[in-house]
>>> print(open('structure24.pdb').read())   # PDB, C-alpha atoms and all ligand atoms
ATOM      1  CA  ILE A  29      -7.076   7.837  22.040
ATOM      2  CA  SER A  30      -9.903   5.335  22.414
ATOM      3  CA  ASP A  31     -10.305   4.182  18.804
ATOM      4  CA  SER A  32      -8.797   4.583  15.347
ATOM      5  CA  PHE A  33     -11.068   7.576  14.637
ATOM      6  CA  ASP A  34      -9.380   9.445  17.523
ATOM      7  CA  LEU A  35      -6.005   8.500  16.007
ATOM      8  CA  LEU A  36      -7.098   9.760  12.573
ATOM      9  CA  LYS A  37      -8.199  13.081  14.094
ATOM     10  CA  VAL A  38      -4.876  13.562  15.902
ATOM     11  CA  LEU A  39      -2.898  12.756  12.737
ATOM     12  CA  LYS A  40      -5.101  14.932  10.543
ATOM     13  CA  ARG A  41      -4.161  18.020  12.566
ATOM     14  CA  GLU A  42      -0.465  17.470  11.631
ATOM     15  CA  GLU A  43      -1.178  18.039   7.909
ATOM     16  CA  LEU A  44       1.269  15.221   7.130
ATOM     17  CA  LEU A  45       0.093  14.766   3.531
ATOM     18  CA  LYS A  46       0.273  18.453   2.565
ATOM     19  CA  ASN A  47       2.939  17.820  -0.111
ATOM     20  CA  HIS A  48       1.681  14.385  -1.071
ATOM     21  CA  PRO A  49      -0.744  13.063  -3.700
ATOM     22  CA  GLU A  50      -4.446  12.886  -2.778
ATOM     23  CA  PHE A  51      -4.269   9.117  -2.184
ATOM     24  CA  TRP A  52      -0.708   9.400  -0.744
ATOM     25  CA  TRP A  53       0.965   6.650  -2.862
ATOM     26  CA  PRO A  54       2.962   8.506  -5.576
ATOM     27  CA  SER A  55       2.500   6.866  -8.980
ATOM     28  CA  LYS A  56       1.815   7.600 -12.670
ATOM     29  CA  ASN A  57      -0.700   4.760 -12.817
ATOM     30  CA  ASP A  58      -2.142   1.888 -10.805
ATOM     31  CA  PHE A  59       0.107  -0.731 -12.430
ATOM     32  CA  GLU A  60       3.143   1.105 -11.087
ATOM     33  CA  ILE A  61       1.635   0.778  -7.596
ATOM     34  CA  LEU A  62       1.400  -2.992  -8.025
ATOM     35  CA  ILE A  63       5.117  -3.139  -8.885
ATOM     36  CA  GLY A  64       6.030  -0.679  -6.143
ATOM     37  CA  ALA A  65       4.190  -2.740  -3.535
ATOM     38  CA  ILE A  66       6.449  -5.731  -4.313
ATOM     39  CA  LEU A  67       9.644  -3.660  -4.622
ATOM     40  CA  THR A  68       9.105  -1.759  -1.341
ATOM     41  CA  GLN A  69       9.390  -4.971   0.730
ATOM     42  CA  ASN A  70      12.317  -4.680   3.186
ATOM     43  CA  THR A  71      13.780  -1.506   1.733
ATOM     44  CA  LYS A  72      13.417   2.294   1.802
ATOM     45  CA  TRP A  73      10.923   4.022  -0.499
ATOM     46  CA  THR A  74      13.663   6.138  -2.075
ATOM     47  CA  ASN A  75      15.273   2.907  -3.344
ATOM     48  CA  VAL A  76      11.967   1.831  -4.875
ATOM     49  CA  GLU A  77      11.760   5.100  -6.794
ATOM     50  CA  LYS A  78      15.182   4.383  -8.341
ATOM     51  CA  SER A  79      14.084   0.903  -9.460
ATOM     52  CA  LEU A  80      10.795   2.274 -10.846
ATOM     53  CA  GLU A  81      12.740   4.896 -12.822
ATOM     54  CA  ASN A  82      14.876   2.097 -14.348
ATOM     55  CA  LEU A  83      11.753   0.080 -15.207
ATOM     56  CA  LYS A  84      10.133   3.140 -16.774
ATOM     57  CA  ASN A  85      13.215   3.782 -18.975
ATOM     58  CA  LEU A  86      13.155   0.128 -20.067
ATOM     59  CA  ASN A  87       9.405   0.316 -20.810
ATOM     60  CA  PHE A  88       8.778  -2.542 -18.383
ATOM     61  CA  LEU A  89       5.862  -0.834 -16.668
ATOM     62  CA  SER A  90       3.114  -2.928 -18.248
ATOM     63  CA  LEU A  91       1.825  -6.450 -17.703
ATOM     64  CA  GLU A  92       2.860  -7.648 -21.164
ATOM     65  CA  SER A  93       6.365  -6.146 -21.150
ATOM     66  CA  LEU A  94       7.008  -7.381 -17.602
ATOM     67  CA  SER A  95       5.890 -10.950 -18.341
ATOM     68  CA  GLU A  96       8.095 -11.014 -21.484
ATOM     69  CA  ALA A  97      11.036  -9.101 -19.950
ATOM     70  CA  ASP A  98      14.500 -10.678 -20.068
ATOM     71  CA  LEU A  99      15.058 -11.868 -16.479
ATOM     72  CA  LEU A 100      18.665 -10.653 -16.339
ATOM     73  CA  VAL A 101      17.763  -7.166 -17.588
ATOM     74  CA  LEU A 102      14.825  -6.972 -15.143
ATOM     75  CA  THR A 103      16.960  -8.203 -12.235
ATOM     76  CA  ASN A 104      19.592  -5.587 -12.981
ATOM     77  CA  ALA A 105      16.986  -2.820 -13.268
ATOM     78  CA  ILE A 106      15.566  -3.417  -9.778
ATOM     79  CA  THR A 107      18.940  -3.635  -8.020
ATOM     80  CA  PRO A 108      18.356  -0.400  -6.025
ATOM     81  CA  SER A 109      15.383  -1.892  -4.111
ATOM     82  CA  GLY A 110      17.232  -5.014  -2.922
ATOM     83  CA  PHE A 111      16.531  -8.767  -3.069
ATOM     84  CA  LYS A 112      16.769  -8.366  -6.861
ATOM     85  CA  ASN A 113      16.879 -12.068  -7.772
ATOM     86  CA  GLN A 114      13.817 -12.941  -5.673
ATOM     87  CA  LYS A 115      11.791  -9.857  -6.599
ATOM     88  CA  SER A 116      12.519 -10.065 -10.376
ATOM     89  CA  LYS A 117      11.383 -13.709 -10.569
ATOM     90  CA  ARG A 118       8.252 -12.912  -8.548
ATOM     91  CA  LEU A 119       7.374  -9.848 -10.626
ATOM     92  CA  LYS A 120       7.578 -11.842 -13.873
ATOM     93  CA  LEU A 121       5.552 -14.699 -12.404
ATOM     94  CA  LEU A 122       2.929 -12.322 -11.007
ATOM     95  CA  ALA A 123       2.606 -10.490 -14.347
ATOM     96  CA  SER A 124       2.098 -13.754 -16.286
ATOM     97  CA  ASN A 125      -0.326 -15.121 -13.674
ATOM     98  CA  ILE A 126      -2.393 -11.919 -13.867
ATOM     99  CA  LEU A 127      -2.450 -12.143 -17.703
ATOM    100  CA  GLU A 128      -3.425 -15.808 -17.571
ATOM    101  CA  GLU A 129      -6.103 -15.408 -14.902
ATOM    102  CA  PHE A 130      -7.471 -11.887 -15.550
ATOM    103  CA  TYR A 131      -6.354 -11.087 -19.168
ATOM    104  CA  ASP A 132      -5.746  -7.389 -18.402
ATOM    105  CA  PHE A 133      -4.862  -5.160 -15.470
ATOM    106  CA  ASP A 134      -8.236  -3.393 -15.197
ATOM    107  CA  ASN A 135     -10.064  -6.713 -15.018
ATOM    108  CA  PHE A 136      -7.520  -7.807 -12.383
ATOM    109  CA  CYS A 137      -8.227  -4.728 -10.242
ATOM    110  CA  GLU A 138     -11.982  -5.273 -10.473
ATOM    111  CA  ASN A 139     -12.017  -8.977  -9.686
ATOM    112  CA  VAL A 140      -8.874 -10.014  -7.807
ATOM    113  CA  SER A 141      -9.442 -11.377  -4.298
ATOM    114  CA  ARG A 142      -7.188 -11.100  -1.247
ATOM    115  CA  GLU A 143      -6.866 -14.930  -1.310
ATOM    116  CA  TRP A 144      -5.654 -14.956  -4.907
ATOM    117  CA  LEU A 145      -2.980 -12.397  -4.068
ATOM    118  CA  LEU A 146      -1.904 -14.257  -0.919
ATOM    119  CA  ASN A 147      -1.425 -17.366  -3.051
ATOM    120  CA  GLN A 148       1.152 -15.563  -5.207
ATOM    121  CA  LYS A 149       4.772 -16.213  -4.224
ATOM    122  CA  GLY A 150       6.279 -13.311  -2.296
ATOM    123  CA  ILE A 151       2.983 -11.614  -1.486
ATOM    124  CA  GLY A 152       2.086 -11.451   2.222
ATOM    125  CA  GLN A 153      -0.791  -9.655   3.946
ATOM    126  CA  GLU A 154       0.739  -6.168   3.919
ATOM    127  CA  THR A 155       1.671  -6.347   0.207
ATOM    128  CA  ALA A 156      -1.693  -7.875  -0.717
ATOM    129  CA  ASP A 157      -3.575  -5.129   1.136
ATOM    130  CA  ALA A 158      -1.374  -2.390  -0.346
ATOM    131  CA  ILE A 159      -2.236  -3.699  -3.838
ATOM    132  CA  LEU A 160      -5.954  -4.037  -3.017
ATOM    133  CA  CYS A 161      -6.156  -0.610  -1.404
ATOM    134  CA  TYR A 162      -3.862   1.590  -3.536
ATOM    135  CA  ALA A 163      -3.822  -0.175  -6.937
ATOM    136  CA  CYS A 164      -7.322  -1.724  -6.986
ATOM    137  CA  HIS A 165      -9.076   0.918  -4.827
ATOM    138  CA  GLN A 166     -10.784  -1.711  -2.682
ATOM    139  CA  ASP A 167     -11.898  -0.931   0.901
ATOM    140  CA  MET A 168      -8.958  -2.553   2.677
ATOM    141  CA  MET A 169      -6.767  -0.829   5.283
ATOM    142  CA  VAL A 170      -3.019  -1.453   5.076
ATOM    143  CA  VAL A 171      -1.291  -1.938   8.438
ATOM    144  CA  ASP A 172       2.428  -2.432   9.083
ATOM    145  CA  LYS A 173       5.213  -2.160  11.717
ATOM    146  CA  TYR A 174       4.731   1.608  11.826
ATOM    147  CA  THR A 175       1.018   1.150  12.607
ATOM    148  CA  GLN A 176       1.782  -1.437  15.282
ATOM    149  CA  LYS A 177       4.300   0.846  16.984
ATOM    150  CA  LEU A 178       2.092   3.948  16.834
ATOM    151  CA  VAL A 179      -0.975   2.243  18.331
ATOM    152  CA  SER A 180       1.201   0.640  21.027
ATOM    153  CA  PHE A 181       2.087   4.171  22.149
ATOM    154  CA  ALA A 182      -1.662   4.753  22.465
ATOM    155  CA  GLY A 183      -1.772   1.679  24.724
ATOM    156  CA  PHE A 184      -3.048  -0.932  22.257
ATOM    157  CA  GLU A 185      -1.278  -4.251  21.652
ATOM    158  CA  PHE A 186      -2.517  -6.682  18.991
ATOM    159  CA  GLU A 187      -1.737 -10.368  18.524
ATOM    160  CA  SER A 188      -2.071 -10.425  14.745
ATOM    161  CA  TYR A 189      -2.103  -8.424  11.531
ATOM    162  CA  GLU A 190      -5.856  -9.080  11.215
ATOM    163  CA  ASP A 191      -6.613  -7.808  14.736
ATOM    164  CA  LEU A 192      -4.654  -4.588  14.127
ATOM    165  CA  GLN A 193      -6.326  -4.155  10.743
ATOM    166  CA  ALA A 194      -9.779  -4.775  12.271
ATOM    167  CA  TRP A 195      -9.144  -2.176  14.993
ATOM    168  CA  CYS A 196      -8.094   0.413  12.387
ATOM    169  CA  GLU A 197     -11.089  -0.288  10.115
ATOM    170  CA  TYR A 198     -13.696  -0.552  12.923
ATOM    171  CA  GLY A 199     -13.096   2.928  14.416
ATOM    172  CA  ILE A 200     -13.342   4.447  10.923
ATOM    173  CA  ASN A 201     -16.504   2.592   9.935
ATOM    174  CA  GLU A 202     -18.217   3.452  13.238
ATOM    175  CA  ASN A 203     -17.603   7.182  12.684
ATOM    176  CA  LEU A 204     -18.114   7.713   8.946
ATOM    177  CA  ASP A 205     -20.592  10.565   9.478
ATOM    178  CA  LYS A 206     -18.102  12.419  11.724
ATOM    179  CA  ILE A 207     -15.329  11.781   9.147
ATOM    180  CA  PHE A 208     -17.506  13.247   6.367
ATOM    181  CA  GLU A 209     -17.875  16.347   8.574
ATOM    182  CA  LEU A 210     -14.126  16.436   9.262
ATOM    183  CA  TYR A 211     -13.322  16.304   5.517
ATOM    184  CA  GLY A 212     -16.287  18.450   4.503
ATOM    185  CA  TYR A 213     -17.615  15.879   2.006
ATOM    186  CA  GLU A 214     -18.600  12.205   1.726
ATOM    187  CA  ILE A 215     -15.011  11.007   1.297
ATOM    188  CA  PRO A 216     -15.004   7.389  -0.045
ATOM    189  CA  LEU A 217     -13.940   4.706   2.451
ATOM    190  CA  ASN A 218     -11.054   3.601   0.201
ATOM    191  CA  LYS A 219      -9.722   7.159   0.168
ATOM    192  CA  ILE A 220      -9.951   7.412   3.982
ATOM    193  CA  TYR A 221      -7.923   4.196   4.258
ATOM    194  CA  CYS A 222      -5.363   5.405   1.684
ATOM    195  CA  ARG A 223      -4.833   8.681   3.526
ATOM    196  CA  PHE A 224      -5.000   7.207   7.052
ATOM    197  CA  HIS A 225      -2.232   4.663   6.317
ATOM    198  CA  GLY A 226      -0.213   7.359   4.530
ATOM    199  CA  LYS A 227      -0.474   9.664   7.562
ATOM    200  CA  ILE A 228       0.737   6.893   9.861
ATOM    201  CA  VAL A 229       3.775   6.171   7.659
ATOM    202  CA  GLU A 230       4.677   9.863   7.271
ATOM    203  CA  PHE A 231       4.201  10.494  11.006
ATOM    204  CA  MET A 232       6.462   7.581  11.998
ATOM    205  CA  LYS A 233       9.097   8.509   9.399
ATOM    206  CA  ASN A 234       9.210  12.113  10.619
ATOM    207  CA  ASN A 235       9.039  11.343  14.339
ATOM    208  CA  LYS A 236      11.289   8.300  14.787
ATOM    209  CA  LEU A 237       9.371   7.418  17.969
ATOM    210  CA  LYS A 238      11.708   5.142  19.889
TER     211      LYS A 238
HETATM  212  C1  LIG B 301       4.243   4.442  -1.332
HETATM  213  N1  LIG B 301       5.044   4.112  -0.144
HETATM  214  C2  LIG B 301       5.161   2.881   0.350
HETATM  215  N2  LIG B 301       5.955   2.897   1.409
HETATM  216  C3  LIG B 301       6.352   4.170   1.585
HETATM  217  C4  LIG B 301       7.200   4.791   2.529
HETATM  218  N3  LIG B 301       7.798   4.067   3.501
HETATM  219  N4  LIG B 301       7.399   6.114   2.438
HETATM  220  C5  LIG B 301       6.816   6.820   1.483
HETATM  221  N5  LIG B 301       6.006   6.279   0.565
HETATM  222  C6  LIG B 301       5.416   7.147  -0.437
HETATM  223  C7  LIG B 301       5.773   4.960   0.591
END
>>> encode(input="structure24.pdb", output="structure tokens")
Amino acid sequence: ISDSFDLLKVLKREELLKNHPEFWWPSKNDFEILIGAILTQNTKWTNVEKSLENLKNLNFLSLESLSEADLLVLTNAITPSGFKNQKSKRLKLLASNILEEFYDFDNFCENVSREWLLNQKGIGQETADAILCYACHQDMMVVDKYTQKLVSFAGFEFESYEDLQAWCEYGINENLDKIFELYGYEIPLNKIYCRFHGKIVEFMKNNKLK
């Protein structure tokens, strides 16, 4: 493996996303992805699904209902995904900040910047990029511990999140024409990033590389 395009090719052969949605992240709508990106911090995805189910049953899956939600009820609803007191406060604050700054969710997705997200309490680089990539469909590759570990097996060590992210994005952008051939159509860059990150997560979850 000499670049991230080689890594994508190797992962693509494993058909890791066969039983997954086209963009990998399972959701009914983009707003749910925003919530899921916060809830998935430091917990297993299966726990996030339980919290999302609770939020759905309480009709909290909208900006307005989340910003007006009773904190105690919200905190209780997201118990399955851990850190409930921190995450409930942050979700309410994020929802009201989005309403105040962007008026509605679609406008937020169109115009939010990575900096604005990073300035929100409880949102770090990985969460910000997951929101930008999967909820807002911007051309931003999500990297994480799984990515770091997988590329280290290919002999690459990176000092920072940005360096790892740059390595992943560079190899893709340098080989777009070959990727269009591989997929058989001009697959949008955002979709390549969504699927590439999804393949890495699924590979590392299935293979438990030590
Ligand atoms: C959306 N999403 C975020 N993190 C995930 C994970 N670890 N495993 C599976 N999925 C679907 C995930």
>>> residues_near_ligand(input="structure24.pdb", ligand="ligand LIG 301 (chain B)", cutoff="9 Å", atoms="only C-alpha atoms and all ligand atoms", output="PyMOL selection string")
chain A and resi 48+52-55+61+64-65+68-69+71-74+76+158+162+226+229-230+233
>>> resolve_selection(input="structure24.pdb", expression="the PyMOL selection byres (((chain A and resi 169) around 9) and not hetatm)", output="PDB file with C-alpha atoms, keeping the file's coordinate frame")
ATOM      1  CA  ASP A 157      -3.575  -5.129   1.136  1.00  0.00           C
ATOM      2  CA  ALA A 158      -1.374  -2.390  -0.346  1.00  0.00           C
ATOM      3  CA  LEU A 160      -5.954  -4.037  -3.017  1.00  0.00           C
ATOM      4  CA  CYS A 161      -6.156  -0.610  -1.404  1.00  0.00           C
ATOM      5  CA  GLN A 166     -10.784  -1.711  -2.682  1.00  0.00           C
ATOM      6  CA  ASP A 167     -11.898  -0.931   0.901  1.00  0.00           C
ATOM      7  CA  MET A 168      -8.958  -2.553   2.677  1.00  0.00           C
ATOM      8  CA  VAL A 170      -3.019  -1.453   5.076  1.00  0.00           C
ATOM      9  CA  VAL A 171      -1.291  -1.938   8.438  1.00  0.00           C
ATOM     10  CA  GLN A 193      -6.326  -4.155  10.743  1.00  0.00           C
ATOM     11  CA  ALA A 194      -9.779  -4.775  12.271  1.00  0.00           C
ATOM     12  CA  CYS A 196      -8.094   0.413  12.387  1.00  0.00           C
ATOM     13  CA  GLU A 197     -11.089  -0.288  10.115  1.00  0.00           C
ATOM     14  CA  ASN A 218     -11.054   3.601   0.201  1.00  0.00           C
ATOM     15  CA  ILE A 220      -9.951   7.412   3.982  1.00  0.00           C
ATOM     16  CA  TYR A 221      -7.923   4.196   4.258  1.00  0.00           C
ATOM     17  CA  CYS A 222      -5.363   5.405   1.684  1.00  0.00           C
ATOM     18  CA  PHE A 224      -5.000   7.207   7.052  1.00  0.00           C
ATOM     19  CA  HIS A 225      -2.232   4.663   6.317  1.00  0.00           C
TER      20      HIS A 225
END
>>> closest_residue(input="structure24.pdb", among="A:Lys177, A:Lys120, A:Asn125, A:His165", to="A:Leu217", atoms="all atoms listed in the file")
A:His165
>>> residues_around(input="structure24.pdb", residues="A:Leu67", least_positions_apart="2", cutoff="12 Å", atoms="all atoms listed in the file", output="ChimeraX atom specification")
/A:60-65,69-80,83,103,105-119,150-151,155,158-159
>>> write_last_selection(input="structure24.pdb", atoms="C-alpha atoms", output="tab-separated table (two decimals), keeping the file's coordinate frame")
chain	number	residue	atom	x	y	z
A	60	GLU	CA	3.14	1.10	-11.09
A	61	ILE	CA	1.64	0.78	-7.60
A	62	LEU	CA	1.40	-2.99	-8.02
A	63	ILE	CA	5.12	-3.14	-8.88
A	64	GLY	CA	6.03	-0.68	-6.14
A	65	ALA	CA	4.19	-2.74	-3.54
A	69	GLN	CA	9.39	-4.97	0.73
A	70	ASN	CA	12.32	-4.68	3.19
A	71	THR	CA	13.78	-1.51	1.73
A	72	LYS	CA	13.42	2.29	1.80
A	73	TRP	CA	10.92	4.02	-0.50
A	74	THR	CA	13.66	6.14	-2.08
A	75	ASN	CA	15.27	2.91	-3.34
A	76	VAL	CA	11.97	1.83	-4.88
A	77	GLU	CA	11.76	5.10	-6.79
A	78	LYS	CA	15.18	4.38	-8.34
A	79	SER	CA	14.08	0.90	-9.46
A	80	LEU	CA	10.80	2.27	-10.85
A	83	LEU	CA	11.75	0.08	-15.21
A	103	THR	CA	16.96	-8.20	-12.24
A	105	ALA	CA	16.99	-2.82	-13.27
A	106	ILE	CA	15.57	-3.42	-9.78
A	107	THR	CA	18.94	-3.64	-8.02
A	108	PRO	CA	18.36	-0.40	-6.02
A	109	SER	CA	15.38	-1.89	-4.11
A	110	GLY	CA	17.23	-5.01	-2.92
A	111	PHE	CA	16.53	-8.77	-3.07
A	112	LYS	CA	16.77	-8.37	-6.86
A	113	ASN	CA	16.88	-12.07	-7.77
A	114	GLN	CA	13.82	-12.94	-5.67
A	115	LYS	CA	11.79	-9.86	-6.60
A	116	SER	CA	12.52	-10.06	-10.38
A	117	LYS	CA	11.38	-13.71	-10.57
A	118	ARG	CA	8.25	-12.91	-8.55
A	119	LEU	CA	7.37	-9.85	-10.63
A	150	GLY	CA	6.28	-13.31	-2.30
A	151	ILE	CA	2.98	-11.61	-1.49
A	155	THR	CA	1.67	-6.35	0.21
A	158	ALA	CA	-1.37	-2.39	-0.35
A	159	ILE	CA	-2.24	-3.70	-3.84
>>> atom_distance(input="structure24.pdb", atom1="atom CA of A:Met232", atom2="atom CA of A:Glu81")
25.7 Å
>>> residues_around(input="structure24.pdb", residues="stretch 35-41 of chain A", least_positions_apart="5", cutoff="10 Å", atoms="only C-alpha atoms", output="CSV table (one decimal) with C-alpha atoms, keeping the file's coordinate frame")
chain,number,residue,atom,x,y,z
A,29,ILE,CA,-7.1,7.8,22.0
A,30,SER,CA,-9.9,5.3,22.4
A,178,LEU,CA,2.1,3.9,16.8
A,179,VAL,CA,-1.0,2.2,18.3
A,182,ALA,CA,-1.7,4.8,22.5
A,196,CYS,CA,-8.1,0.4,12.4
A,199,GLY,CA,-13.1,2.9,14.4
A,200,ILE,CA,-13.3,4.4,10.9
A,207,ILE,CA,-15.3,11.8,9.1
A,210,LEU,CA,-14.1,16.4,9.3
A,211,TYR,CA,-13.3,16.3,5.5
A,220,ILE,CA,-10.0,7.4,4.0
A,223,ARG,CA,-4.8,8.7,3.5
A,224,PHE,CA,-5.0,7.2,7.1
A,225,HIS,CA,-2.2,4.7,6.3
A,227,LYS,CA,-0.5,9.7,7.6
A,228,ILE,CA,0.7,6.9,9.9
A,230,GLU,CA,4.7,9.9,7.3
A,231,PHE,CA,4.2,10.5,11.0
>>> closest_residue(input="structure24.pdb", among="A:Leu127, A:Leu121, A:Cys164, A:Leu146", to="A:Glu92", atoms="only C-alpha atoms")
A:Leu127
>>> closest_residue(input="structure24.pdb", among="A:Gln153, A:Asn147, A:Ser90, A:Ser141", to="A:Asn57", atoms="only C-alpha atoms")
A:Ser90
>>> build_atoms(input="structure24.pdb", residues="stretch 128-150 of chain A", atoms="N, CA and C atoms", output="JSON list (two decimals), in the frame of the given file")
[["chain", "number", "residue", "atom", "x", "y", "z"],
["A", 128, "GLU", "N", -2.78, -14.50, -17.36],
["A", 128, "GLU", "CA", -3.42, -15.81, -17.57],
["A", 128, "GLU", "C", -4.80, -15.84, -16.91],
["A", 129, "GLU", "N", -4.87, -15.29, -15.69],
["A", 129, "GLU", "CA", -6.10, -15.41, -14.90],
["A", 129, "GLU", "C", -7.09, -14.27, -15.16],
["A", 130, "PHE", "N", -6.58, -13.05, -15.44],
["A", 130, "PHE", "CA", -7.47, -11.89, -15.55],
["A", 130, "PHE", "C", -7.40, -11.18, -16.90],
["A", 131, "TYR", "N", -6.54, -11.62, -17.81],
["A", 131, "TYR", "CA", -6.35, -11.09, -19.17],
["A", 131, "TYR", "C", -5.79, -9.67, -19.18],
["A", 132, "ASP", "N", -6.37, -8.72, -18.41],
["A", 132, "ASP", "CA", -5.75, -7.39, -18.40],
["A", 132, "ASP", "C", -5.79, -6.80, -16.99],
["A", 133, "PHE", "N", -5.07, -5.71, -16.81],
["A", 133, "PHE", "CA", -4.86, -5.16, -15.47],
["A", 133, "PHE", "C", -6.16, -4.61, -14.88],
["A", 134, "ASP", "N", -6.98, -3.96, -15.72],
["A", 134, "ASP", "CA", -8.24, -3.39, -15.20],
["A", 134, "ASP", "C", -9.15, -4.49, -14.67],
["A", 135, "ASN", "N", -9.23, -5.60, -15.45],
["A", 135, "ASN", "CA", -10.06, -6.71, -15.02],
["A", 135, "ASN", "C", -9.51, -7.30, -13.71],
["A", 136, "PHE", "N", -8.18, -7.33, -13.62],
["A", 136, "PHE", "CA", -7.52, -7.81, -12.38],
["A", 136, "PHE", "C", -7.97, -6.94, -11.21],
["A", 137, "CYS", "N", -7.89, -5.63, -11.36],
["A", 137, "CYS", "CA", -8.23, -4.73, -10.24],
["A", 137, "CYS", "C", -9.68, -4.89, -9.81],
["A", 138, "GLU", "N", -10.54, -5.13, -10.80],
["A", 138, "GLU", "CA", -11.98, -5.27, -10.47],
["A", 138, "GLU", "C", -12.26, -6.58, -9.73],
["A", 139, "ASN", "N", -11.59, -7.63, -10.14],
["A", 139, "ASN", "CA", -12.02, -8.98, -9.69],
["A", 139, "ASN", "C", -11.06, -9.74, -8.78],
["A", 140, "VAL", "N", -9.82, -9.23, -8.62],
["A", 140, "VAL", "CA", -8.87, -10.01, -7.81],
["A", 140, "VAL", "C", -9.35, -10.09, -6.36],
["A", 141, "SER", "N", -9.09, -11.23, -5.72],
["A", 141, "SER", "CA", -9.44, -11.38, -4.30],
["A", 141, "SER", "C", -8.16, -11.35, -3.46],
["A", 142, "ARG", "N", -8.34, -11.11, -2.17],
["A", 142, "ARG", "CA", -7.19, -11.10, -1.25],
["A", 142, "ARG", "C", -6.55, -12.51, -1.26],
["A", 143, "GLU", "N", -7.37, -13.54, -1.32],
["A", 143, "GLU", "CA", -6.87, -14.93, -1.31],
["A", 143, "GLU", "C", -5.99, -15.19, -2.52],
["A", 144, "TRP", "N", -6.45, -14.72, -3.69],
["A", 144, "TRP", "CA", -5.65, -14.96, -4.91],
["A", 144, "TRP", "C", -4.28, -14.32, -4.76],
["A", 145, "LEU", "N", -4.26, -13.11, -4.24],
["A", 145, "LEU", "CA", -2.98, -12.40, -4.07],
["A", 145, "LEU", "C", -2.09, -13.14, -3.07],
["A", 146, "LEU", "N", -2.69, -13.57, -1.95],
["A", 146, "LEU", "CA", -1.90, -14.26, -0.92],
["A", 146, "LEU", "C", -1.34, -15.59, -1.43],
["A", 147, "ASN", "N", -1.95, -16.11, -2.48],
["A", 147, "ASN", "CA", -1.42, -17.37, -3.05],
["A", 147, "ASN", "C", -0.27, -17.14, -4.01],
["A", 148, "GLN", "N", 0.03, -15.87, -4.30],
["A", 148, "GLN", "CA", 1.15, -15.56, -5.21],
["A", 148, "GLN", "C", 2.44, -15.55, -4.40],
["A", 149, "LYS", "N", 3.50, -16.16, -4.95],
["A", 149, "LYS", "CA", 4.77, -16.21, -4.22],
["A", 149, "LYS", "C", 5.28, -14.81, -3.91],
["A", 150, "GLY", "N", 5.68, -14.60, -2.66],
["A", 150, "GLY", "CA", 6.28, -13.31, -2.30],
["A", 150, "GLY", "C", 5.27, -12.24, -1.94]]
